[in-house]
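Scroll down for the structure; my scribbles are underneath it.
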Amino acid sequence: MTYTEYKQPLDYAKLATDVRAYWEANGIFEKSVSSRDGQPTFVFYEGPPSANGQPGIHHVMARAVKDIFCRYQTQLGKQVPRKGGWDTHGLPIELQVEKELGITKEDIGHKISVEEYNQRCRETVMRFKAQWDELTQQMGYWVDLDDPYITFEPEYIESCWALLKKLYDKGFLYKGYTIQPYSPAAGTGLSSHELNQPGTYKDVKDTTVVAQFKVVRDAASEKLFEALEAEKVDVPVSVLAWTTTPWTLPANTALAVGNNIDYVLAVTENQYTHEKIAVVAAKKLLDKLVAVPNVTALTKQFSSDPLVIDPLKTALAIVEAARPKIIAEFKGKDLVGIHYERLFGTEAGFPHFEGEENAFRVIPGDFVTTEDGTGIVHISPTFGADDFRVAQLNNIPALMLPDKEGTLGPIVDRTGRYVAQMGEFGGRWVKNYDGHDQSGADYKTLDESIAIRMRTNGTAFKTEKYEHTYPHCWRTDKPVLYYPLDSWFIKTTAVKDRLIELNKTINWKPESTGTGRFGNWLENLVDWNLSRSRYWGTPLPIWRTQDRTEEICIGSIAELKAEIDKAVAAEVMTHNPYANGEKVDLHRPYVDDIFLVSPSGQPMYREPDLIDVWFDSGAVPYAQWHYPFENQEKFAKNFPADFIAEGVDQTRGWFFTLHALAVMLEDSVAFKNVIANGLVLDKEGNKMSKRLGNAVDPFETIAKYGPDATRWYMIANSSPWDNLKFDSAGIVEAQRKFFGTLFNTYSFFALYANLDRFQMGEKPSVPVAERTELDRWILSKLQSLLAEVRGHFDSYDPTKAARAIQDFVADQLSNWYVRLSRRRFWKGELTTDKQAAYETLHECLSTVAQLMAPIAPFFADWLYGNLMQPHPPTPSPMGEGEPNDFETSDNVRSISAPLPRRGGAGGGAESVHLTYLAEADTTLIDKALEERMELAQRISSLTHSLRKKSVLKVRQPLQRILVPVLNGSTKEQVSKVEDLICAEVNVKHVEFLDDTSGVLVKSVKPNFKRLGQVYGPRLKAVGARIQTLSPDELSQLEKQGELAVEVEGETLTLHLDEVEIRTQDLPGWLVATDGPLTVALDVTLTDELRQEGLARELVNRLQNLRKDSGLEVQDRISVALAASAPAELHAAVASFGNYIREEVQALRLEFVPEVAGGAVLEFDDFSVPAKVDVVTA
RNA sequence: GGGCUUGUAGCUCAGGUGGUUAGAGCGCUACACUGAUAAUGUAGAGGUCCCUGGUUCGAGUCCAGGCAGGCCCA
C-alpha cells in the first residue's frame, strides 16, 4: 500500500470538486446524519434565504458559520438534521414582479388579476434556486436541499394559521391601529416604498405655531413655581411647543422632552396679549423664540425723535426689557411628569374623550432634538408614528371620539376633515383635499383659523409662515396625512417580562447583541404589528361580520372547509371551492372569495390583510414540520434549537420573531445559542453593492481559490460578529501559509513512508512512552491543541479555533517537529525510532484533518482520506501521470472498503466527517516538556542571531554555546533538549554556567506588580533603589531571600520575589538575551571544525547537483572531484568521507585527475569541477 | 436623534483581572537556511495604542466627554 503523492502546486478548486463528487457518490452527508441514529440531537434551524436574488459572498460567510458547528457537533457524535428552507413571501418579491411587469400596486386587480400577479410572484421567487443550490454545494454547506420547507406551500401556511389561532385563543391577537402615511384624497394608505418615489417630498409654506401649554401647579411642577417665587415673580407658567401642523394641536395629549436636554424657565411677555408670562423651552433655542429688537436699528430710530434724549441708552433699555429673564435651569428628566391644561378644552366646546385623566403630561421622548422649535415636542398620538409610540410607552391616551356607531376614531375623518364634534372647527378640511375655492379675501385655512384663535386667547406664543419639505401623495399630489389605520397586532407586550427573562438564558455571540441591541429592544417593546396591505403572502385567517360583533379565527384547512360547508348550508356561499379534493391554495384571491356565516347567521368577510412575512420565518420551528398537523414527536425532538446563526440585521427580524413566538406559544426560548454575524465589506471597508461594482462573486472566488481557503480566510481573519473587510489577498495567504504548509507536511510524510513501505496500523505499534522527546512533545502539543480547539468550538468561537490549528501546523508541526525530525526519516532502515516518527506524524496529520474539517471540509477530507486509505501499490508508484498526479488524473480516491476504525479518533475512514472527535488525552500532555521545548526554540533562535552577528553560517559547526543558569531546574530542562539544540544550530555542546563560575554578570529588575501592591506610592523610589543594588547586595538578597535597604531615610526589607534577577552578560563573550535567557556562542574555529564545515559545504553542493540533475531521492551515485581541488578540501574529504558519502547517498567519492563533462562546484574561496553519476545496482 | 458596535505598525489582527521595552502575520530591505516546503530563520525599517480630561505610584487596558466609521431603528 502506498500513500498517494501529488505534484504541486495543488489545485484546491479541483480538489474540492473531486471531494464533492465523492461525497455525492457515496452519500456522505446522508451518512453523517444516519450514522448518528439514536444519538442525542443537535438542533439547528436554517434561516430561510429568499431565492429571488443571486447569492453573494456574504452568504458564503454566513453559511460557513452555520456549517462549522453542525459538522463539529456531528464529530462529537450528535445527530444533526439540517432541513433547508426558502423564504418566499414579502415585499421585495412583489416589487420585483411589479418592476418586471412595468406596473404599480394600483394596477393590481385592473391591468392584472390578483391571481395572475400572485402566480408571477410564485414563479419569480424561486428563480435563482438553482444557483443557490449550486453555491450551497460548491462551498460545502451541508443542508438538506431535497426536502426543504417552502413558506408559500399550503402546509406551511396552514401551520402558520394554526399558530395564529393559538395566539388568538390566548387573547394575544387584537385589532388596533398604527400611524401610517395616508392619502385622504386617494383614500388609501401609502407604503414607505411609495413615499420614496421621486418628487413626493415638496417644499411647502405652512402656518406654524409655538403653543403655550399652561402648567398646572402640583407636586411635579412645584419646583418651577418655587423658583419664580424666589425671584418674587408671580406669573403663569407655560411649556412651549412648536408645530408645523397646527391642525393636530386639538388632538394633543402630551408633550415630549429629551431627558438630557437643558431647559430653562424664563420670564418674558406674550407678544399678542402682552401678558407677562414664564415659559419653559430648551436653553439653546430660547433666543430664537423671543424676538429681541436690534439695538442699532432702535438707536437710529430714536436719533430722529427729538423727545428721546439718549437714543442709545433708551434703545438698550428697551432691548434689555424685551430679553427673557432666565429664572432656573432643568434637565428634561426633571420636567417629566408635569401636568398642563388642555389646549382646546371642553369649556370651549371641545368634547371629552376616553382616558382623558391620563393625558396632558410631560413625557420623555428619545427623538426630541434642539435643532429647531422649542426642544419640546407636541404629541398627538393619532397623527404621528413617534407620538403614537411614546404615548403607548407612557400610557398616554390618544384623543379618539366615537362615531354614530360608537366606533372610536381620530378627530379627522378618512376624507381629511374634522369630525362634527370638533366645536367651532367641526367639518373643516385639514388640508384642501376636496379642491375648494381658496381665493376669497377672507379665506382662512384651518391652520390659520386655529392660529388666530390661539393668538386671541393667549395660547399662541408665536405664529409664523414657515417653509419646509413635506411628503405628498404621488398620485393626487395632495399632502400626506399620518393617520391611524386599522391593523392587527400580536400583544407581545403582554409577555414582555418573560421575553426579557428568557432572553437572559440565551448564549449570544457576541454577548452585546443579546444584552444591548436585542435586550434594549425588548425593554422598549411595543406590540407586533402583523398587518400588511399586500397580495403575496400568508393571509390573515380572520373573518368578521360587517358590524364587527362576531368573528372567527380559522386554524386549519379542515376547519375552513367545515366552516365553508356551514356557509353553503346558510346560503352565504353557493358552493365549497375546496370540497372535492381540489388542491387547496390559501393565498389571495382565493381566500377573499370565501365568506363564512356567524353563529347568529350573518355573513362574515375575511379581514383583507396579509400577515408580516417575519411571522412566516418565526414559525420555522413549527411549520417546517407541518406541526401540529403532523410530526408531533419530530417537533418535540427538534425544539428549541441548540444553535442558529444569521446576520446581525436579523436581530429585530428573525431572531425576534423566533423568540416572540416561542415564548408566547411554548413559554420557551426558540434557540439556546446564536451567532449574529457582521457584514462582509469590500477591502476598503465599503458596503458591497452591485451598483458600485465592488460586489465579490462567490462563484468566481470559489473557482479561483477553492472553497476551503475561502472559508478558512473568512473564519480565521476576524470573528464572525466583526465586519469582514474581504480581500482575496487574505485567501492567498491562507492558502500559502496554512494549506500549503499542511500539504507539504503530508507530502513529506507520503514520500518517505512510501520509500520505507511504512503502513499505519490499526493501533500505533510504538508506545508513546517509548518515543523520543520530540515525538512526545508534538503529541503533547497535539493533545493541548485538541483540548483548546474543542473549547473554542464549544463556546462558538470558530476564529480562535482556526487560529490555534493554523499556529500548530505552521509553527509547531512543520517548522519544528518535521524540521528537526528530517534526519530520522532519511536514514537507514525502518527502525523502531523511525516507526515512531511515522506514527507520530500520522497521528498529528490525521487529528489536524479532524480538527480542521468543520472549517475546511473538502481539504480535510482529502487529507484524511489520503492518510487513512492508501492506494494499493501500483506498478510505477513514483511514475509520471496517474495516479499520483492530481492535475491530470480523475483522482477521486477509489474506495472499495472503508478501513476499520482506529482507536478513539476513528469512526470509519470513509470520510473525516463521519469520524468521532476524541477527547483530549490529558495523560499525554506534559507541560514541563512543552516548556523545555520552548526553551530549546528560544535558545536556538538566540544562537542563530549570534551566528548572524558573527557572520558564521549555520553549516559551519561550532564547538559550544554557553548558557548561564541561575537554578538547577532550568539546567535540567535544557539538558534534556540539548541534542535538539545542537542539531538545530550545529554546535557540539551546550555548556552551562552556574553561579559558582563567578563570571556571570547579573542584572536586577523590579517586579512592579508585586512591589506596587506592597509599596503603592513609594514604588518609584523603591524601584530606583533596586536598580542600583550592588553585586554584593544582590548576592546577599539571593542567598538570604531578603535584604534590608534604605529608601528615603527608611529601612525596608526587600524580598526575593519582589525582583527579577537575570544574567545579562558574560564578559569577553558575544551574548544574546531574550528575557531571562542568555546565550553566548564560542566562535573559536579549530582545524577539525573547519574541515567539517567544508565537508558540509561539499554535501550541500552535491545535494544541489543531484537535485539539479533530476535524481530521485533514493538514487545511489558515485562522485568524482577534480584532484586540483585545494588541500583543505582534500583534508575534509579525508576526515569526513564517510559522512559525506552517507549524506549524498554516494557509493564512491574520489578525486580524479580529469573530470569530463561534469559541473563546477562553487565554494566561497574556490571552485572545483565535479561529476555525479548514478550507480545502477 | 437613539441603541449597539469598532478605532493598536502601510494592511489584517492579538493584546484575562491596570505593572514600566505594546506583539504576530502579510508587505518592504538585507543576510542566511533548505533533498518536504512558493516554506523557514535572523536582523532592520515601521506605533502620539483616535482625541481630551480624570482615577492611580503606574492606563493600550478603568471612568467621563468628544471625534470618526459601521449596523439597526427613528
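Labeling convention for the C-alpha cells: chains A, B, ... as they appear, residues from 1 per chain, ligands from 1 in order of appearance.
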
Query - Distance query Thr832 in chain A at most 12 Å, only C-alpha atoms (C1' of nucleotides), self and fewer than 3 positions along chain excluded, as a PyMOL selection string - result: chain A and resi 758+764-768+770-772+824-825+828-829+835-840

Requested in this report: Skip A38 in chain B itself and residues of its chain fewer than 4 positions away, then list as a VMD selection string all residues within 12 Å of it, counting only C-alpha atoms (C1' of nucleotides).
Outcome: chain A and resid 8 to 10 732 to 733 735 to 737 740 to 741 744

Query raised in the report: When the cut-off is 8 Å and we count only C-alpha atoms (C1' of nucleotides), which residues of chain B are near chain A, given as a VMD selection string?
Result: chain B and resid 1 to 4 12 to 13 19 to 20 26 31 to 33 35 to 43 57 71 to 72 74

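For range 59-63 of chain B, the set of protein, DNA and RNA residues having any atom at most 12 Å away, when counting only C-alpha atoms (C1' of nucleotides) and skipping those fewer than 6 positions along the same chain, is B:G7, B:U8, B:G15, B:G16, B:U17, B:G18, B:G19, B:U20, B:A22, B:G47, B:C49, B:C50, B:G53.
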
Query raised in the report: Got a sec to tell me which of range 105-279 of chain A DSSP assigns to helix (DSSP H, G or I), as an MDAnalysis selection string?
Result: chainID A and resid 105:107 114:125 129:138 154:169 192:195 222:230 246:251

Requested in this report: May I ask for the distance between CA of Ala918 in chain A and CA of Arg776 in chain A, given in Å to one decimal place?
Outcome: 18.1 Å

**Report entry** Contacts of Pro471 in chain A at 6 Å (only C-alpha atoms (C1' of nucleotides); same-chain gap of 6+ positions) as a PyMOL selection string
**Finding:** chain A and resi 200-201+480

Output all heavy atoms of each residue in that selection to a file, as an mmCIF file, in the first residue's frame.
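Output (out34.cif):
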```
data_model
loop_
_atom_site.group_PDB
_atom_site.id
_atom_site.type_symbol
_atom_site.label_atom_id
_atom_site.label_comp_id
_atom_site.auth_asym_id
_atom_site.auth_seq_id
_atom_site.Cartn_x
_atom_site.Cartn_y
_atom_site.Cartn_z
ATOM 1 N N THR A 200 -42.014 63.123 -4.257
ATOM 2 C CA THR A 200 -43.077 63.129 -3.257
ATOM 3 C C THR A 200 -42.824 64.185 -2.177
ATOM 4 O O THR A 200 -43.757 64.705 -1.598
ATOM 5 C CB THR A 200 -43.228 61.758 -2.590
ATOM 6 O OG1 THR A 200 -41.959 61.319 -2.160
ATOM 7 C CG2 THR A 200 -43.800 60.743 -3.542
ATOM 8 N N TYR A 201 -41.546 64.465 -1.944
ATOM 9 C CA TYR A 201 -41.246 65.486 -0.934
ATOM 10 C C TYR A 201 -41.165 66.847 -1.616
ATOM 11 O O TYR A 201 -40.365 67.052 -2.522
ATOM 12 C CB TYR A 201 -39.946 65.154 -0.203
ATOM 13 C CG TYR A 201 -40.149 64.089 0.853
ATOM 14 C CD1 TYR A 201 -40.119 62.740 0.520
ATOM 15 C CD2 TYR A 201 -40.418 64.443 2.179
ATOM 16 C CE1 TYR A 201 -40.332 61.762 1.479
ATOM 17 C CE2 TYR A 201 -40.641 63.474 3.146
ATOM 18 C CZ TYR A 201 -40.597 62.137 2.794
ATOM 19 O OH TYR A 201 -40.825 61.177 3.745
ATOM 20 N N VAL A 480 -49.673 64.318 2.355
ATOM 21 C CA VAL A 480 -49.932 63.057 3.043
ATOM 22 C C VAL A 480 -50.308 63.359 4.488
ATOM 23 O O VAL A 480 -49.835 64.332 5.066
ATOM 24 C CB VAL A 480 -48.643 62.193 2.992
ATOM 25 C CG1 VAL A 480 -48.648 61.111 4.056
ATOM 26 C CG2 VAL A 480 -48.456 61.610 1.605
#
```

Query raised in the report: What is the CA of Pro541 in chain A-CA of Leu164 in chain A distance in Å, reported with one decimal?
Result: 8.1 Å

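Non-sequential neighbours of Ser50 in chain A (distance at most 7 Å, separation of 4 or more positions within a chain, only C-alpha atoms (C1' of nucleotides)) are A:Trp86, A:Asp87, A:Thr88.
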
I need the chosen residues saved as a compact mmCIF listing (two decimals), in the first residue's frame, with C-alpha atoms.
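The resulting file, again_20.txt, is reproduced below:
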```
# COMPACT_ATOMS: atom_id res chain seq x y z
CA TRP A 86 -36.96 29.01 1.43
CA ASP A 87 -38.47 32.31 2.38
CA THR A 88 -40.90 33.05 -0.40
```

Query raised in the report: Can you list, as an MDAnalysis selection string, every protein, DNA or RNA residue that comes within 8 Å of Thr124 in chain A when you count only C-alpha atoms (C1' of nucleotides), leaving out same-chain residues fewer than 4 positions away?
Result: chainID A and resid 52 93 97 120

**Report entry** DSSP strand (DSSP E) selection over range 371-420 of chain A, as a VMD selection string
**Finding:** chain A and resid 376 to 379 401 to 402 408 to 409

Requested in this report: Name all residues at most 8 Å from Thr492 in chain A (count only C-alpha atoms (C1' of nucleotides); drop same-chain ones fewer than 4 positions away) and give them as a VMD selection string.
Outcome: chain A and resid 172 496 525 to 528 660 664

Report summary line: Shortest contact to Ala920 in chain A, candidates A:Thr657, A:Trp614, A:Pro957, A:Leu782, atoms counted only C-alpha atoms, goes to A:Leu782
